[in-house]
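Enquirer: File structure-v7.txt below, compact mmCIF, C-alpha atoms:
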# COMPACT_ATOMS: atom_id res chain seq x y z
CA MET A 1 0.00 0.00 0.00
CA THR A 2 2.64 2.52 -0.92
CA THR A 3 1.40 3.48 -4.34
CA GLU A 4 -2.04 4.61 -3.20
CA GLN A 5 -2.42 8.36 -3.36
CA ARG A 6 -3.40 9.90 -0.05
CA THR A 7 -6.98 11.06 0.14
CA ILE A 8 -7.23 14.67 1.28
CA ARG A 9 -10.01 15.22 3.81
CA VAL A 10 -11.50 18.70 4.07
CA LEU A 11 -14.01 20.19 6.51
CA ILE A 12 -16.14 22.94 5.01
CA ALA A 13 -18.10 24.83 7.64
CA LYS A 14 -20.14 27.97 8.04
CA PRO A 15 -19.64 29.68 11.39
CA GLY A 16 -22.13 32.23 12.65
CA LEU A 17 -25.66 33.07 11.79
CA ASP A 18 -25.87 33.82 8.09
CA GLY A 19 -27.69 31.12 6.19
CA HIS A 20 -26.23 31.64 2.77
CA ASP A 21 -24.34 28.49 1.98
CA ARG A 22 -24.28 28.53 -1.81
CA GLY A 23 -20.61 29.53 -1.83
CA ALA A 24 -19.66 26.85 0.69
CA LYS A 25 -21.50 24.23 -1.35
CA VAL A 26 -19.87 25.30 -4.61
CA VAL A 27 -16.43 25.03 -3.02
CA ALA A 28 -17.31 21.69 -1.41
CA ARG A 29 -18.40 20.34 -4.74
CA ALA A 30 -15.27 21.58 -6.55
CA LEU A 31 -13.05 19.91 -3.96
CA ARG A 32 -15.06 16.71 -4.30
CA ASP A 33 -14.67 16.79 -8.06
CA ALA A 34 -10.94 17.14 -7.50
CA GLY A 35 -10.99 13.82 -5.64
CA MET A 36 -11.11 15.07 -2.06
CA GLU A 37 -13.42 13.93 0.70
CA VAL A 38 -15.38 16.90 1.93
CA ILE A 39 -17.18 16.86 5.23
CA TYR A 40 -19.91 19.45 5.03
CA THR A 41 -21.51 20.34 8.35
CA GLY A 42 -24.19 22.81 7.35
CA ILE A 43 -24.98 26.33 8.45
CA ARG A 44 -24.92 28.02 11.86
CA GLN A 45 -21.94 26.26 13.33
CA THR A 46 -20.33 27.44 16.53
CA PRO A 47 -16.51 27.53 16.73
CA GLN A 48 -16.74 24.62 19.19
CA MET A 49 -18.77 22.52 16.75
CA ILE A 50 -16.34 23.24 13.92
CA ALA A 51 -13.28 22.38 15.99
CA GLU A 52 -14.91 19.24 17.33
CA ALA A 53 -15.86 18.09 13.84
CA ALA A 54 -12.31 18.77 12.64
CA LEU A 55 -10.97 16.62 15.46
CA GLN A 56 -13.37 13.70 15.00
CA GLU A 57 -13.00 13.66 11.23
CA ASP A 58 -9.19 14.04 11.42
CA VAL A 59 -9.22 16.43 8.47
CA ASP A 60 -6.19 17.84 6.68
CA VAL A 61 -7.90 21.09 5.77
CA VAL A 62 -10.57 23.35 7.32
CA GLY A 63 -12.31 25.89 5.09
CA LEU A 64 -14.67 28.46 6.61
CA SER A 65 -17.24 30.43 4.67
CA ILE A 66 -18.81 33.54 6.10
CA LEU A 67 -20.93 36.35 4.70
CA SER A 68 -22.17 38.01 7.85
CA GLY A 69 -19.14 40.18 8.58
CA ALA A 70 -18.35 38.40 11.84
CA HIS A 71 -15.16 36.80 10.53
CA GLY A 72 -12.94 39.01 12.72
CA GLU A 73 -14.64 37.54 15.76
CA LEU A 74 -15.42 33.97 14.67
CA PHE A 75 -12.36 32.91 12.66
CA PRO A 76 -9.88 33.42 15.53
CA ARG A 77 -12.29 31.64 17.87
CA VAL A 78 -12.21 28.58 15.63
CA VAL A 79 -8.40 28.61 15.90
CA GLU A 80 -8.71 28.95 19.65
CA GLU A 81 -11.13 26.01 19.90
CA LEU A 82 -8.88 23.89 17.70
CA GLY A 83 -5.99 24.78 20.02
CA LYS A 84 -7.98 23.58 23.05
CA ARG A 85 -8.16 20.23 21.29
CA GLY A 86 -4.44 20.11 20.58
CA ILE A 87 -4.76 21.08 16.92
CA SER A 88 -2.56 23.97 15.79
CA PRO A 89 -2.60 25.85 12.45
CA GLU A 90 0.50 23.77 11.61
CA ASP A 91 -1.55 20.56 11.86
CA VAL A 92 -4.37 21.62 9.55
CA LEU A 93 -4.47 23.96 6.58
CA LEU A 94 -6.92 26.75 7.44
CA PHE A 95 -8.51 28.89 4.79
CA GLY A 96 -11.48 31.24 4.66
CA GLY A 97 -13.80 32.75 2.12
CA GLY A 98 -16.79 35.03 1.75
CA ILE A 99 -17.31 38.74 2.03
CA ILE A 100 -14.10 39.73 3.76
CA PRO A 101 -12.62 43.22 3.24
CA GLU A 102 -8.93 43.44 2.23
CA ASP A 103 -8.16 45.35 5.41
CA ASP A 104 -9.24 42.43 7.56
CA VAL A 105 -7.06 39.86 5.83
CA PRO A 106 -3.74 40.51 7.66
CA ALA A 107 -5.35 39.91 11.07
CA LEU A 108 -6.91 36.65 9.88
CA LYS A 109 -3.59 35.51 8.44
CA ALA A 110 -1.91 36.33 11.72
CA ALA A 111 -4.54 34.19 13.45
CA GLY A 112 -3.49 31.19 11.35
CA PHE A 113 -5.56 31.37 8.17
CA LYS A 114 -3.18 30.69 5.32
CA ALA A 115 -5.47 32.05 2.60
CA ILE A 116 -8.62 34.16 2.28
CA PHE A 117 -10.63 33.88 -0.91
CA GLY A 118 -12.98 36.67 -1.90
CA PRO A 119 -15.95 36.78 -4.26
CA GLY A 120 -15.06 35.90 -7.82
CA THR A 121 -12.29 33.47 -6.92
CA SER A 122 -12.28 30.56 -9.34
CA THR A 123 -12.94 27.22 -7.71
CA GLN A 124 -9.98 25.84 -9.64
CA ASP A 125 -7.73 28.29 -7.81
CA ILE A 126 -9.05 27.04 -4.49
CA VAL A 127 -8.56 23.41 -5.52
CA ALA A 128 -5.00 24.14 -6.66
CA TYR A 129 -4.27 26.07 -3.50
CA VAL A 130 -5.43 23.23 -1.27
CA ARG A 131 -3.50 20.63 -3.27
CA ASP A 132 -0.29 22.63 -3.18
CA ASN A 133 -0.45 23.62 0.45
CA VAL A 134 -1.87 20.64 2.29
CA GLY A 135 0.84 19.45 4.63
CA GLU A 136 2.50 16.09 4.92
CA ARG A 137 0.90 13.82 7.46
CA VAL A 138 2.98 13.02 10.51
CA MET B 1 4.31 4.89 16.13
CA ALA B 2 1.30 2.58 16.02
CA ALA B 3 2.04 1.35 19.54
CA ASP B 4 2.09 4.89 20.89
CA LEU B 5 -1.12 5.73 19.06
CA VAL B 6 -2.83 2.65 20.48
CA ARG B 7 -1.61 3.47 23.98
CA ARG B 8 -3.08 6.97 23.71
CA LEU B 9 -6.32 5.63 22.23
CA LEU B 10 -6.76 3.14 25.03
CA ALA B 11 -6.11 5.95 27.51
CA GLY B 12 -9.18 7.67 26.05
CA GLU B 13 -7.53 10.31 23.90
CA ARG B 14 -10.01 11.30 21.23
CA ARG B 15 -7.45 12.64 18.80
CA ALA B 16 -5.70 9.29 18.88
CA LEU B 17 -9.03 7.63 18.07
CA ALA B 18 -9.49 9.99 15.12
CA ARG B 19 -6.00 9.30 13.79
CA ALA B 20 -6.35 5.54 14.28
CA LEU B 21 -9.54 5.62 12.21
CA THR B 22 -7.65 7.47 9.46
CA HIS B 23 -4.92 4.83 9.34
CA VAL B 24 -7.45 2.03 9.28
CA GLU B 25 -9.46 3.73 6.58
CA ASN B 26 -6.33 4.22 4.47
CA GLN B 27 -5.59 0.50 4.81
CA SER B 28 -2.02 1.49 5.51
CA ALA B 29 0.65 -0.59 7.21
CA ALA B 30 0.15 1.57 10.31
CA GLY B 31 -3.57 0.88 10.09
CA TYR B 32 -3.07 -2.89 10.13
CA GLU B 33 -0.65 -2.58 13.04
CA VAL B 34 -3.16 -0.47 14.96
CA LEU B 35 -5.83 -3.12 14.37
CA ARG B 36 -3.55 -5.93 15.43
CA LEU B 37 -2.82 -4.17 18.71
CA LEU B 38 -6.42 -3.11 19.32
CA TYR B 39 -8.14 -6.37 18.47
CA PRO B 40 -7.76 -7.96 21.92
CA HIS B 41 -9.64 -4.95 23.32
CA THR B 42 -12.67 -5.40 21.07
CA GLY B 43 -15.85 -7.37 21.51
CA ARG B 44 -17.47 -5.37 24.27
CA ALA B 45 -19.64 -2.89 22.36
CA HIS B 46 -23.12 -3.53 21.05
CA THR B 47 -22.65 -2.88 17.34
CA ILE B 48 -25.70 -1.86 15.36
CA GLY B 49 -25.93 -1.53 11.57
CA ILE B 50 -28.52 0.88 10.16
CA THR B 51 -29.45 0.39 6.54
CA GLY B 52 -32.26 1.30 4.16
CA GLY B 53 -32.97 3.21 0.99
CA ALA B 54 -31.81 6.73 0.24
CA GLY B 55 -34.01 9.25 2.03
CA ALA B 56 -35.41 6.69 4.46
CA GLY B 57 -34.08 8.78 7.33
CA LYS B 58 -31.06 6.75 8.39
CA SER B 59 -29.04 9.76 9.56
CA THR B 60 -31.97 11.24 11.43
CA LEU B 61 -32.67 7.89 13.06
CA THR B 62 -29.00 7.47 13.95
CA ASN B 63 -29.06 10.91 15.56
CA ALA B 64 -32.20 10.10 17.55
CA LEU B 65 -30.81 6.72 18.63
CA ALA B 66 -27.54 8.25 19.79
CA LYS B 67 -29.43 10.79 21.89
CA GLU B 68 -31.58 8.08 23.47
CA TYR B 69 -28.55 5.96 24.33
CA ARG B 70 -26.88 9.02 25.86
CA ARG B 71 -29.98 9.60 27.99
CA ARG B 72 -29.48 6.06 29.24
CA GLY B 73 -25.88 6.79 30.14
CA LYS B 74 -24.28 4.85 27.29
CA THR B 75 -21.39 6.21 25.25
CA VAL B 76 -21.85 6.11 21.51
CA GLY B 77 -19.61 5.80 18.46
CA ILE B 78 -21.04 6.54 15.03
CA ILE B 79 -19.64 5.60 11.64
CA ALA B 80 -21.63 7.12 8.80
CA VAL B 81 -20.85 6.01 5.28
CA ASP B 82 -21.52 8.09 2.17
CA PRO B 83 -20.66 7.20 -1.42
CA SER B 84 -17.48 8.20 -3.23
CA SER B 85 -17.73 9.37 -6.79
CA PRO B 86 -16.62 6.53 -9.06
CA PHE B 87 -15.10 9.15 -11.36
CA SER B 88 -13.21 11.60 -9.19
CA ARG B 89 -13.01 9.33 -6.10
CA GLY B 90 -14.05 12.41 -4.16
CA ALA B 91 -17.03 12.52 -1.81
CA ILE B 92 -19.32 14.89 0.00
CA LEU B 93 -19.91 13.54 3.48
CA GLY B 94 -23.01 15.24 4.81
CA ASP B 95 -24.23 13.07 7.66
CA ARG B 96 -23.03 15.50 10.30
CA ILE B 97 -25.71 17.95 9.14
CA ARG B 98 -28.38 15.79 10.75
CA MET B 99 -26.26 15.04 13.79
CA GLN B 100 -25.29 18.57 14.79
CA GLU B 101 -26.74 18.35 18.26
CA LEU B 102 -24.40 15.47 19.05
CA THR B 103 -21.23 17.41 18.25
CA GLY B 104 -20.98 19.07 21.65
CA ASP B 105 -21.41 15.83 23.58
CA PRO B 106 -18.08 14.30 24.68
CA GLY B 107 -19.79 10.92 25.02
CA VAL B 108 -20.39 10.74 21.26
CA PHE B 109 -17.73 10.30 18.61
CA MET B 110 -18.95 10.53 15.05
CA ARG B 111 -16.89 9.73 11.98
CA SER B 112 -17.86 10.10 8.33
CA MET B 113 -16.48 7.57 5.88
CA ALA B 114 -16.51 7.46 2.12
CA THR B 115 -16.94 4.16 0.28
CA ARG B 116 -13.72 4.84 -1.67
CA GLY B 117 -14.41 1.89 -3.96
CA SER B 118 -11.93 0.24 -1.67
CA LEU B 119 -10.26 -2.98 -2.70
CA GLY B 120 -11.74 -5.83 -0.77
CA GLY B 121 -14.93 -3.91 -0.30
CA LEU B 122 -16.18 -1.36 2.14
CA SER B 123 -17.22 -4.11 4.52
CA GLU B 124 -13.57 -4.60 5.37
CA THR B 125 -12.84 -1.01 6.39
CA ALA B 126 -16.24 -0.48 7.98
CA ALA B 127 -15.76 -3.54 10.17
CA ASP B 128 -12.28 -2.32 11.08
CA ALA B 129 -13.58 1.13 11.99
CA VAL B 130 -16.26 -0.46 14.16
CA ALA B 131 -13.54 -2.47 15.90
CA VAL B 132 -11.54 0.68 16.61
CA MET B 133 -14.56 2.42 18.19
CA ASP B 134 -15.25 -0.74 20.18
CA ALA B 135 -11.68 -0.89 21.49
CA PHE B 136 -11.88 2.79 22.44
CA GLY B 137 -14.62 1.71 24.84
CA LYS B 138 -17.82 2.94 23.24
CA ASP B 139 -20.81 1.06 24.68
CA VAL B 140 -22.75 1.26 21.44
CA VAL B 141 -21.40 1.63 17.92
CA LEU B 142 -23.85 2.71 15.23
CA LEU B 143 -22.85 1.97 11.65
CA GLU B 144 -24.96 3.85 9.14
CA THR B 145 -24.69 2.60 5.57
CA VAL B 146 -25.07 4.38 2.24
CA GLY B 147 -28.37 3.10 0.96
CA ALA B 148 -29.75 -0.20 -0.17
CA GLY B 149 -27.91 -2.73 -2.24
CA GLN B 150 -25.77 -5.80 -2.10
CA ASP B 151 -22.89 -3.89 -0.53
CA GLU B 152 -25.17 -2.93 2.31
CA VAL B 153 -25.72 -6.55 3.20
CA GLU B 154 -21.99 -6.91 3.66
CA VAL B 155 -21.61 -3.68 5.57
CA ALA B 156 -24.44 -4.60 7.84
CA SER B 157 -22.74 -7.90 8.51
CA ALA B 158 -20.09 -5.96 10.41
CA ALA B 159 -22.70 -5.34 13.10
CA GLN B 160 -24.31 -7.62 15.68
CA THR B 161 -27.77 -6.16 15.21
CA THR B 162 -29.07 -4.82 11.92
CA ILE B 163 -31.90 -2.33 11.54
CA LEU B 164 -33.63 -1.94 8.18
CA VAL B 165 -35.29 1.47 7.84
CA LEU B 166 -38.32 1.70 5.57
CA THR B 167 -40.73 4.50 4.80
CA PRO B 168 -44.37 4.44 3.76
CA GLY B 169 -45.45 5.61 0.35
CA THR B 170 -42.38 4.39 -1.48
CA GLY B 171 -44.11 1.28 -2.69
CA ASP B 172 -41.09 -0.25 -4.30
CA ASP B 173 -39.13 -0.37 -1.09
CA VAL B 174 -40.32 -3.75 -0.05
CA GLN B 175 -40.01 -5.06 -3.57
CA THR B 176 -36.45 -3.93 -4.04
CA MET B 177 -35.32 -5.00 -0.65
CA LYS B 178 -36.80 -8.45 -0.60
CA ALA B 179 -33.74 -9.94 -2.17
CA GLY B 180 -31.06 -10.08 0.44
CA ILE B 181 -31.61 -7.14 2.61
CA MET B 182 -34.85 -8.20 4.27
CA GLU B 183 -33.13 -11.38 5.39
CA ILE B 184 -30.37 -9.62 7.27
CA ALA B 185 -32.65 -7.34 9.26
CA ASP B 186 -33.08 -8.12 12.96
CA LEU B 187 -35.46 -5.20 13.38
CA LEU B 188 -37.69 -3.47 10.85
CA VAL B 189 -38.21 0.22 11.48
CA VAL B 190 -40.95 2.09 9.68
CA ASN B 191 -39.78 5.67 9.81
CA LYS B 192 -41.96 8.70 8.98
CA SER B 193 -44.85 6.61 10.29
CA ASP B 194 -46.98 9.74 10.62
CA LEU B 195 -47.34 9.68 6.83
CA PRO B 196 -50.24 8.03 5.00
CA ASN B 197 -49.90 4.40 3.89
CA THR B 198 -48.02 3.40 7.01
CA ASP B 199 -50.56 0.74 7.86
CA ALA B 200 -50.33 -0.70 4.36
CA LEU B 201 -46.55 -0.94 4.60
CA ILE B 202 -46.73 -2.58 8.00
CA ALA B 203 -49.27 -5.08 6.74
CA ALA B 204 -46.99 -5.89 3.80
CA LEU B 205 -44.03 -6.34 6.11
CA LYS B 206 -46.02 -8.57 8.44
CA ALA B 207 -47.10 -10.69 5.52
CA HIS B 208 -43.53 -10.93 4.35
CA LEU B 209 -42.29 -11.97 7.77
CA THR B 210 -44.97 -14.63 8.09
CA MET B 211 -43.77 -16.17 4.87
CA SER B 212 -40.10 -16.13 5.69
CA GLU B 213 -38.27 -18.50 7.93
CA HIS B 214 -37.04 -17.24 11.21
CA GLY B 215 -35.12 -18.48 14.19
CA ALA B 216 -35.91 -17.94 17.84
CA TRP B 217 -35.76 -14.18 17.37
CA LEU B 218 -39.02 -12.76 16.08
CA ILE B 219 -38.28 -9.70 14.00
CA PRO B 220 -40.21 -6.76 15.45
CA ILE B 221 -41.72 -4.03 13.30
CA LEU B 222 -41.47 -0.63 14.93
CA ARG B 223 -43.22 2.63 14.11
CA VAL B 224 -40.91 5.59 14.41
CA VAL B 225 -40.92 9.27 13.56
CA ALA B 226 -37.21 9.91 13.86
CA ASN B 227 -37.21 13.69 13.47
CA LYS B 228 -39.80 13.99 16.25
CA GLU B 229 -38.02 11.33 18.29
CA GLN B 230 -41.20 9.27 18.50
CA GLY B 231 -40.83 5.56 19.06
CA ILE B 232 -37.11 5.79 19.74
CA ALA B 233 -37.27 4.60 23.36
CA GLN B 234 -39.18 1.50 22.25
CA LEU B 235 -36.64 0.93 19.51
CA VAL B 236 -33.76 1.06 21.99
CA GLU B 237 -35.64 -1.42 24.21
CA GLN B 238 -35.94 -3.79 21.26
CA LEU B 239 -32.28 -3.29 20.43
CA ASP B 240 -31.39 -4.17 24.01
CA ALA B 241 -33.68 -7.17 23.78
CA HIS B 242 -31.88 -8.33 20.64
CA HIS B 243 -28.53 -7.84 22.30
CA SER B 244 -29.50 -9.95 25.29
CA TYR B 245 -31.07 -12.52 22.96
CA LEU B 246 -27.73 -12.79 21.16
CA HIS B 247 -25.96 -13.40 24.45
CA ARG B 248 -28.58 -15.71 25.92
CA SER B 249 -29.11 -17.92 22.89
CA GLY B 250 -25.48 -18.36 21.97
CA ALA B 251 -26.30 -16.70 18.66
CA LEU B 252 -23.66 -14.11 19.41
CA GLN B 253 -21.01 -16.79 19.31
CA SER B 254 -22.13 -18.22 15.99
CA GLU B 255 -22.70 -14.76 14.55
CA ARG B 256 -19.20 -13.80 15.62
CA GLN B 257 -17.73 -16.82 13.91
CA GLU B 258 -19.66 -16.03 10.77
CA GLN B 259 -18.48 -12.42 10.90
CA ALA B 260 -14.94 -13.47 11.60
CA ARG B 261 -14.96 -15.76 8.59
CA HIS B 262 -16.46 -13.02 6.48
CA GLN B 263 -13.85 -10.54 7.63
CA VAL B 264 -10.96 -12.89 7.02
CA VAL B 265 -12.26 -13.65 3.53
CA ALA B 266 -12.74 -9.94 2.81
CA ALA B 267 -9.23 -9.21 4.08
CA VAL B 268 -7.81 -11.96 1.86
CA GLN B 269 -9.70 -10.60 -1.12
CA GLY B 270 -8.40 -7.12 -0.49
CA GLU B 271 -4.84 -8.23 0.09
CA VAL B 272 -4.78 -10.50 -2.97
CA LEU B 273 -6.11 -7.70 -5.12
CA ARG B 274 -3.61 -5.22 -3.75
CA ARG B 275 -0.71 -7.58 -4.39
CA ILE B 276 -1.88 -8.42 -7.87
CA LEU B 277 -2.34 -4.79 -8.78
CA ARG B 278 1.02 -3.89 -7.32
CA GLN B 279 2.82 -6.64 -9.17
CA GLY B 280 0.79 -7.07 -12.30
CA ALA B 281 -0.44 -3.58 -13.09
CA SER B 282 1.04 -3.46 -16.59
CA LEU B 283 -0.03 -7.01 -17.41
CA LEU B 284 -3.53 -6.07 -16.23
CA ASP B 285 -3.57 -3.14 -18.64
CA ASP B 286 -2.45 -5.42 -21.43
CA LEU B 287 -5.05 -8.09 -20.62
CA THR B 288 -7.78 -5.47 -20.28
CA GLN B 289 -7.01 -4.36 -23.79
CA GLN B 290 -7.14 -7.93 -25.09
CA VAL B 291 -10.49 -8.59 -23.43
CA ALA B 292 -11.91 -5.32 -24.72
CA GLU B 293 -10.89 -6.33 -28.24
CA ARG B 294 -12.39 -9.78 -27.70
CA ARG B 295 -9.02 -11.44 -28.25
CA THR B 296 -9.39 -13.25 -24.95
CA ASP B 297 -12.14 -13.64 -22.36
CA PRO B 298 -12.18 -12.25 -18.80
CA HIS B 299 -11.69 -15.63 -17.13
CA SER B 300 -8.71 -16.62 -19.23
CA ALA B 301 -7.24 -13.18 -18.60
CA ALA B 302 -7.69 -13.68 -14.87
CA GLU B 303 -5.97 -17.07 -15.06
CA ARG B 304 -3.01 -15.55 -16.82
CA LEU B 305 -2.76 -12.66 -14.41
CA LEU B 306 -2.89 -15.00 -11.42
CA ALA B 307 -0.30 -17.30 -12.94
CA ALA B 308 2.00 -14.37 -13.60
CA VAL B 309 1.85 -13.03 -10.05
CA SER B 310 1.49 -16.29 -8.13
CA GLY B 311 4.94 -15.86 -6.58
CA GLU B 312 3.78 -12.56 -5.12
CA LEU B 313 0.71 -14.14 -3.52
CA SER B 314 2.42 -16.63 -1.28
Spell out the structure here as structure tokens.
Expert:
Amino acid sequence: MTTEQRTIRVLIAKPGLDGHDRGAKVVARALRDAGMEVIYTGIRQTPQMIAEAALQEDVDVVGLSILSGAHGELFPRVVEELGKRGISPEDVLLFGGGIIPEDDVPALKAAGFKAIFGPGTSTQDIVAYVRDNVGERV
Amino acid sequence: MAADLVRRLLAGERRALARALTHVENQSAAGYEVLRLLYPHTGRAHTIGITGGAGAGKSTLTNALAKEYRRRGKTVGIIAVDPSSPFSRGAILGDRIRMQELTGDPGVFMRSMATRGSLGGLSETAADAVAVMDAFGKDVVLLETVGAGQDEVEVASAAQTTILVLTPGTGDDVQTMKAGIMEIADLLVVNKSDLPNTDALIAALKAHLTMSEHGAWLIPILRVVANKEQGIAQLVEQLDAHHSYLHRSGALQSERQEQARHQVVAAVQGEVLRRILRQGASLLDDLTQQVAERRTDPHSAAERLLAAVSGELS
């Protein structure tokens, strides 16, 4: 079993209260079509729920989608909850997407999000980004 | 590495459980080592397979069952299987959507699994994942399958008790499930039983059961409305009854032997296939071409492939 290509597992989650999950679903589907296993948890997830799902599913990647404007509050809290479970931003590739102003990006990157994708990003770019940046498993 | 992982898992570390499941699912060398070390710790959980057609409400029922077991102080492991795309090999695993309320409960561990078109069949990995949850110390392990079909019969065979979920108004259900899947059910659950035609379905099921042979266990038919959590307590009582029946009657022992045989055969199948494909990949391509062009037939091709790699198999 050395030749088998590793299957990348991704959690796509929507923190907070906005119910618009079209974007999250489009990304989930693009990652699936690229051969990844995507765990989709639905809307209105708390940071605890997202971190817990990431732990139980042992994912390589966590992608958060948010349109409500609460990213500055919720994204770092997801990192915090992951940390409580012994998962650091070095263990999983964190990325975000949605309506996120340029000015907010540096703070999110400092919090551990490796990439933030805005409206208009091609799904192929996201797929390529995940493929190129997903870490080696220890 | 595997030994350390197993030590942490047995100490109750949930991240170790998650990683062990990954290794097992990948059918990696580490995964087999983890299983070897964990196997002596298995055999304590009540393992329950939940199967039925798409849209029958398997996830919702699994969610309701997990909550009821938690109310009764039992810890619960869940393995929910969704299909992989045969083309991209990717998958969307969406069972957590219906199990959100369980996420915050430390007594529940839920894992999504894709079918992966795995060599040796999903039954192999599903049974292994159940074993890992069992060794971790979960009192109950719920294994939710994809939908209905021959594969499901095998997957369900990884569990001690099998629930078949049916819904009224989908007339074909009974028809399509008669072959194979009705026979493996220990309990029949009619979900969405607040819908019309429930009585007709139950009558049809009763008639079917009367005609089929059965052992000492009489298969109960239960009315459930999973999303309203109606009938779930009675279902758990019947599940407990089946569990104690298995112990009391000695059926557990024979069922275990049957499962063990099945698992060994599935493991052999998987391993043989892996070795053949590792060793004979180019010959396989060549033979495939010949069969496609009708220059040889599939069975002769198989003979030649096996002959060519027979050294690898021993």
Enquirer: Can you tell me how far CA of Gly118 in chain A sits from CA of Ser68 in chain A, in Å to one decimal?
Expert: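 Going from CA of Gly118 in chain A over to CA of Ser68 in chain A, I get 13.5 Å.
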Enquirer: Give me the residues near range 85-98 of chain B as an MDAnalysis selection string, where near means some atom within 6 Å (using all atoms listed in the file) and where sequence neighbours in that chain fewer than 5 positions away do not count.
Expert: (chainID A and resid 32:33 35:42) or (chainID B and resid 60)
Enquirer: What does the distance between CA of Ile12 in chain A and CA of Arg131 in chain A come to in Å, to one decimal place?
Expert: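 Interatomic distance here is 15.3 Å.
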Enquirer: Counting all atoms listed in the file, what are the residues of chain B within 10 Å of chain A, and for each of them which pair of atoms is the nearest and at what distance in Å, to one decimal? Sort the table by chain and rising number, as JSON lines.
Expert:
{"residue": "B:Met1", "atom": "CA", "partner": "A:Val138", "partner_atom": "CA", "distance": 10.0}
{"residue": "B:Arg14", "atom": "CA", "partner": "A:Gln56", "partner_atom": "CA", "distance": 7.5}
{"residue": "B:Arg15", "atom": "CA", "partner": "A:Leu55", "partner_atom": "CA", "distance": 6.3}
{"residue": "B:Ala16", "atom": "CA", "partner": "A:Asp58", "partner_atom": "CA", "distance": 9.5}
{"residue": "B:Leu17", "atom": "CA", "partner": "A:Gln56", "partner_atom": "CA", "distance": 8.1}
{"residue": "B:Ala18", "atom": "CA", "partner": "A:Gln56", "partner_atom": "CA", "distance": 5.4}
{"residue": "B:Arg19", "atom": "CA", "partner": "A:Asp58", "partner_atom": "CA", "distance": 6.2}
{"residue": "B:Ala20", "atom": "CA", "partner": "A:Asp58", "partner_atom": "CA", "distance": 9.4}
{"residue": "B:Leu21", "atom": "CA", "partner": "A:Asp58", "partner_atom": "CA", "distance": 8.5}
{"residue": "B:Thr22", "atom": "CA", "partner": "A:Asp58", "partner_atom": "CA", "distance": 7.0}
{"residue": "B:Asn26", "atom": "CA", "partner": "A:Arg6", "partner_atom": "CA", "distance": 7.8}
{"residue": "B:Gln27", "atom": "CA", "partner": "A:Met1", "partner_atom": "CA", "distance": 7.4}
{"residue": "B:Ser28", "atom": "CA", "partner": "A:Met1", "partner_atom": "CA", "distance": 6.1}
{"residue": "B:Ala29", "atom": "CA", "partner": "A:Met1", "partner_atom": "CA", "distance": 7.3}
{"residue": "B:Ser84", "atom": "CA", "partner": "A:Glu37", "partner_atom": "CA", "distance": 8.0}
{"residue": "B:Ser85", "atom": "CA", "partner": "A:Asp33", "partner_atom": "CA", "distance": 8.1}
{"residue": "B:Pro86", "atom": "CA", "partner": "A:Gly35", "partner_atom": "CA", "distance": 9.8}
{"residue": "B:Phe87", "atom": "CA", "partner": "A:Asp33", "partner_atom": "CA", "distance": 8.3}
{"residue": "B:Ser88", "atom": "CA", "partner": "A:Gly35", "partner_atom": "CA", "distance": 4.7}
{"residue": "B:Arg89", "atom": "CA", "partner": "A:Gly35", "partner_atom": "CA", "distance": 4.9}
{"residue": "B:Gly90", "atom": "CA", "partner": "A:Gly35", "partner_atom": "CA", "distance": 3.7}
{"residue": "B:Ala91", "atom": "CA", "partner": "A:Glu37", "partner_atom": "CA", "distance": 4.6}
{"residue": "B:Ile92", "atom": "CA", "partner": "A:Val38", "partner_atom": "CA", "distance": 4.8}
{"residue": "B:Leu93", "atom": "CA", "partner": "A:Ile39", "partner_atom": "CA", "distance": 4.6}
{"residue": "B:Gly94", "atom": "CA", "partner": "A:Tyr40", "partner_atom": "CA", "distance": 5.2}
{"residue": "B:Asp95", "atom": "CA", "partner": "A:Thr41", "partner_atom": "CA", "distance": 7.8}
{"residue": "B:Arg96", "atom": "CA", "partner": "A:Thr41", "partner_atom": "CA", "distance": 5.4}
{"residue": "B:Ile97", "atom": "CA", "partner": "A:Thr41", "partner_atom": "CA", "distance": 4.9}
{"residue": "B:Arg98", "atom": "CA", "partner": "A:Thr41", "partner_atom": "CA", "distance": 8.6}
{"residue": "B:Met99", "atom": "CA", "partner": "A:Thr41", "partner_atom": "CA", "distance": 9.0}
{"residue": "B:Gln100", "atom": "CA", "partner": "A:Thr41", "partner_atom": "CA", "distance": 7.7}
{"residue": "B:Glu101", "atom": "CA", "partner": "A:Met49", "partner_atom": "CA", "distance": 9.1}
{"residue": "B:Leu102", "atom": "CA", "partner": "A:Met49", "partner_atom": "CA", "distance": 9.3}
{"residue": "B:Thr103", "atom": "CA", "partner": "A:Met49", "partner_atom": "CA", "distance": 5.9}
{"residue": "B:Gly104", "atom": "CA", "partner": "A:Met49", "partner_atom": "CA", "distance": 6.4}
{"residue": "B:Asp105", "atom": "CA", "partner": "A:Glu52", "partner_atom": "CA", "distance": 9.6}
{"residue": "B:Pro106", "atom": "CA", "partner": "A:Glu52", "partner_atom": "CA", "distance": 9.4}
{"residue": "B:Val108", "atom": "CA", "partner": "A:Gln56", "partner_atom": "CA", "distance": 9.9}
{"residue": "B:Phe109", "atom": "CA", "partner": "A:Gln56", "partner_atom": "CA", "distance": 6.6}
{"residue": "B:Met110", "atom": "CA", "partner": "A:Gln56", "partner_atom": "CA", "distance": 6.4}
{"residue": "B:Arg111", "atom": "CA", "partner": "A:Glu57", "partner_atom": "CA", "distance": 5.6}
{"residue": "B:Ser112", "atom": "CA", "partner": "A:Glu57", "partner_atom": "CA", "distance": 6.7}
{"residue": "B:Met113", "atom": "CA", "partner": "A:Glu37", "partner_atom": "CA", "distance": 8.8}
{"residue": "B:Ala114", "atom": "CA", "partner": "A:Glu37", "partner_atom": "CA", "distance": 7.3}
{"residue": "B:Arg116", "atom": "CA", "partner": "A:Thr7", "partner_atom": "CA", "distance": 9.3}
{"residue": "B:Glu271", "atom": "CA", "partner": "A:Met1", "partner_atom": "CA", "distance": 9.5}
{"residue": "B:Arg274", "atom": "CA", "partner": "A:Met1", "partner_atom": "CA", "distance": 7.4}
{"residue": "B:Arg275", "atom": "CA", "partner": "A:Met1", "partner_atom": "CA", "distance": 8.8}
{"residue": "B:Arg278", "atom": "CA", "partner": "A:Thr3", "partner_atom": "CA", "distance": 8.0}
